[in-house]
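Notes follow once the structure below has been shown.
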Amino acid sequence: MRMSRYFLPVLKETPSEAQIVSHRYMLRAGMIKQAAAGIYSWLPLGFKVLKRIEAIVHEEQQRAGHIPMLMPTLQSADLWRESGRYDDYGQEMLRITDRHGRDMLYGPTNEELITDIFRSHVSSYKDLPLTLYHIQWKFRDEIRPRFGVMRGREFLMKDGYNFDLTKEDALHAYNRHLVSYLRSYERMGLQAIPMRADGGPIGGDYTHEFLVLAETGESEVFYDSDITDLRFGERAIDYDSVEQCQAVLEEFTSRYARTDETHDAALFEQVPEDRRRVARGIEVGQIFYFGTKYSDAMGAMVVDQSGARVPVHMGSHGIGVSRLLGAIIEASHDERGIIWPEGVTPFHCGIVNLKQGDAEADAACEALYAALDALGLEPLYDDRDERAGGKFATMDLIGLPWRITVGPRGLKNGVVELTSRRSGESEELPPEAAVERIA
Ligand code: ATP
Ligand code: MG
Ligand code: MG
Ligand code: MG
């Protein structure tokens with residue numbers, strides 16, 4: 001992409017309404033624009049990162065054997081009356097009446113809709129196990145939308161639902177989700193710690209929230225510092241192996257790590273004092289096993305091996321796709337702007353032309369652009385006729401991992417400058433070598 005043809009409405013001033021750094025940088029970098037309280041337009045740069053996060057979630061879910069689909073944002077109230085949640089959900093639910101006077105709602109989550117799909121099409125244990133998921137916009141009329149996309153009213157969520165014959169099978173699905181979530185967050189450059197949590201309105205005893213430690217997080221968390229040494233990493237996993245998935249669950253959940261909702265002071269005391277941490281975290285996902293709560297209420301039954309009709313065991317599993325942009329920025333920035341992890345960066349590399357219009361500099365930039373493009377890497381070329389200082393400030397703000405600076409002086413010696421956004425270190429090297437380093 002060439003900057004002169006792109007739409008990147010960078011703000012010079014820090015918007016006064018933004019209280020936390022991720023919100024400030026998302027506005028300043030022209031990633032989002034508020035449309036109404038807690039509702040945002042995703043401008044091109046923000047949209048690009050959102051899509052990259054979404055792609056990681058899709059890949060990791062499908063790797064785990066979960067099947068993508070798409071359910072609508074608007075739902076009929078009838079299904080929610082069946083589950084009993086139409087009244088329970090309260091004011092967070094946006095209720096809408098259509099022209100025929102029918103009660104509708106903008107889905108805050110999808111347990112009812114998916115259970116209805118399941119019961120309409122599945123009737124035998126032979127069709128199990130089954131895990132379906134989608135990535136779709138949700139609406140929750142949050143009492144205090146704030147911090148930009150972190151607590152929006154409209155937000156993008158991946159929500160997945162497992163259907164299993166037995167509790168044991170459903171717990172395997174739970175563990176599979178835990179593993180796939182660990183992998184997903186690590187690919188986004190994040191450490192998200194599974195913590196024991198509370199079921200809330202979705203219900204259930206087995207539930208973990210995934211938290212990214214950050215001072216601006218809305219949850220208070222208590223944990224054993226040893227847990228922050230754990231990485232899933234590149235290890236191989238067989239998602240069909242009950243033992244392997246169970247082992248990962250045990251490894252990642254055996255140390256003390258809880259949110260304030262389930263915190264147990266007496267248990268916490270048993271953690272050696274120098275390892276006890278009280279901090280704040282951002283909830284970027286949650287997994288639940290809730291047994292037959294919805295299948296009982298809505299009649300989602302299958303015939304088992306003995307011919308008996310039994311309710312299916314279910315769980316639901318969510319990732320806050322749009323919230324993740326905020327969480328990643330909170331975890332990875334400096335005073336000049338965002339520092340995107342490689343896995344989610346909107347462009348792989350910025351090219352800054354110090355002397356736009358200089359035939360040699362222009363040609364060198366074009367050649368770099370073509371070389372990166374040929375390798376499947378996406379460069380963002382600042383080809384505007386602007387001061388170098390302004391170009392650098394924009395590149396620092398939008399946080400691409402690499403910047404190649406091209407100017408007539410360097411070109412005389414056959415070199416360009418390659419700068420790492422994260423370390424700030426620069427190196428002079430021939431253009432081909434710079435491309436090689438990035439690839
Ligand atoms: P919170 O405690 O922050 O209100 P939640 O527990 O109500 O979140 P879940 O029902 O567990 O949310 O939804 C799954 C994921 O969706 C959450 O882990 C979070 O990452 C994301 N999410 C929930 N509410 C919002 C919101 N208002 N804005 C952005 N993301 C959200
Ligand atoms: Mg909530
Ligand atoms: Mg929560
Ligand atoms: Mg939650």
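By convention in this document, the chains of the structure tokens carry letters A, B, ... by their order, each chain's residues are numbered from 1, and ligands are numbered from 1 in the order they are shown.
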For this session: Could you give me, as an NGL selection string, every polymer residue with an atom at most 12 Å away from an atom of ligand 2, counting only C-alpha atoms and all ligand atoms?
Result: :A and (89 or 91-93 or 108-109 or 138-145 or 150-153 or 155 or 198-202 or 218-219 or 282-286 or 318 or 320)
Exercise. Which parts of segment 13-247 of chain A does DSSP call strand (DSSP E or B) when run on the backbone here, written out as a PyMOL selection string?
Worked result: chain A and resi 32-36+39-42+67-68+74-76+94-97+103-106+124+130-139+146+151+154-164+193-196+206-213+219-224
For this session: Find the residue from A:Ile67, A:Val415, A:Ile193, A:Ala35 that sits nearest to Thr253 of chain A; use only C-alpha atoms when measuring.
Result: A:Ile193
For this session: Report the residues of segment 323-359 of chain A whose backbone DSSP state falls under alpha helix (DSSP H), written as a list in words.
Result: Arg323, Leu324, Leu325, Gly326, Ala327, Ile328, Ile329, Glu330, Ala331 and Ala359 of chain A
Exercise. Within 12 Å of His333 of chain A, counting only C-alpha atoms, which residues qualify if same-chain residues fewer than 4 places away don't, as number ranges by chain?
Worked result: A: 20-26, 326-329, 337-341, 396-401, 421-423
Problem set entry | Residue nearest His317 of chain A - candidates A:Ser123, A:Thr207, A:Ser83, A:Ser16, atoms counted: only C-alpha atoms | A:Thr207
Non-local contacts of Leu182 of chain A (8 Å; only C-alpha atoms; under 3 positions in same chain excluded) as a compact mmCIF listing (two decimals) with C-alpha atoms, in the first residue's frame:
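selection.txt was written with the following content:
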# COMPACT_ATOMS: atom_id res chain seq x y z
CA LEU A 178 -8.20 -24.23 26.52
CA VAL A 179 -5.31 -25.50 24.38
CA TYR A 185 -3.13 -15.72 22.17
CA GLU A 186 0.53 -16.66 21.87
CA ALA A 192 -3.21 -14.70 28.50
CA PHE A 232 2.60 -23.37 25.14
Problem set entry | Given only C-alpha atoms and all ligand atoms as the counted atoms, nearest of A:Tyr181, A:Tyr161, A:Phe210, A:Tyr40 to ligand 1 |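 Using only C-alpha atoms and all ligand atoms, the shortest distance to ligand 1 belongs to A:Phe210.
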For this session: Using atom CA of Pro346 of chain A and atom CA of Met31 of chain A as the two end points, give the distance in Å to one decimal.
Result: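 Going from atom CA of Pro346 of chain A over to atom CA of Met31 of chain A covers 10.5 Å.
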For this session: Quick one: everything within 10 Å of Gln19 of chain A, counting only C-alpha atoms, minus sequence neighbours fewer than 4 positions away in the same chain. Send it as a PyMOL selection string.
Result: chain A and resi 15+23-24+146-148+216
Exercise. Could you pull the residues within 6 Å of Phe163 of chain A, counting only C-alpha atoms, minus those fewer than 4 positions along the same chain, as a list in words?
Worked result: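 Residues near the query, excluding close chain neighbours: Pro129, Leu130, His313 and Met314 of chain A.
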Exercise. Out of A:Asp383, A:Asp229, A:Asp373, A:Glu427, which residue has the shortest atom-to-atom distance to Arg2 of chain A when counting only C-alpha atoms?
Worked result: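 Of all the options, A:Asp383 lies closest to Arg2 of chain A.
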For this session: Would you list the contacts of segment 223-226 of chain A as a PyMOL selection string, taking every protein, DNA or RNA residue within 7 Å and counting only C-alpha atoms, but skipping same-chain residues closer than 6 positions in sequence?
Result: chain A and resi 255-258+271+275-278
Exercise. Quick one: of A:Ile96, A:Ala265, A:Leu211, A:Ile56, who's nearest to ligand 4, counting only C-alpha atoms and all ligand atoms?
Worked result: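 Among A:Ile96, A:Ala265, A:Leu211, A:Ile56, it is A:Leu211 that comes nearest to ligand 4.
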For this session: Rank A:Arg309, A:Lys412, A:His263, A:Arg384 by their smallest atom-to-atom distance to Glu360 of chain A, using only C-alpha atoms, and report the top residue only.
Result: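 Checking each candidate against Glu360 of chain A, we get A:Lys412 as the closest.
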Exercise. Distance atom CA of Met71 of chain A-atom 21 (C, counted along the ligand's line) of ligand 1, one decimal place?
Worked result: 17.4 Å
Exercise. What separation in Å, quoted to one decimal, exists between atom CA of Pro194 of chain A and atom CA of Glu209 of chain A?
Worked result: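 Separating atom CA of Pro194 of chain A from atom CA of Glu209 of chain A is a distance of 5.5 Å.
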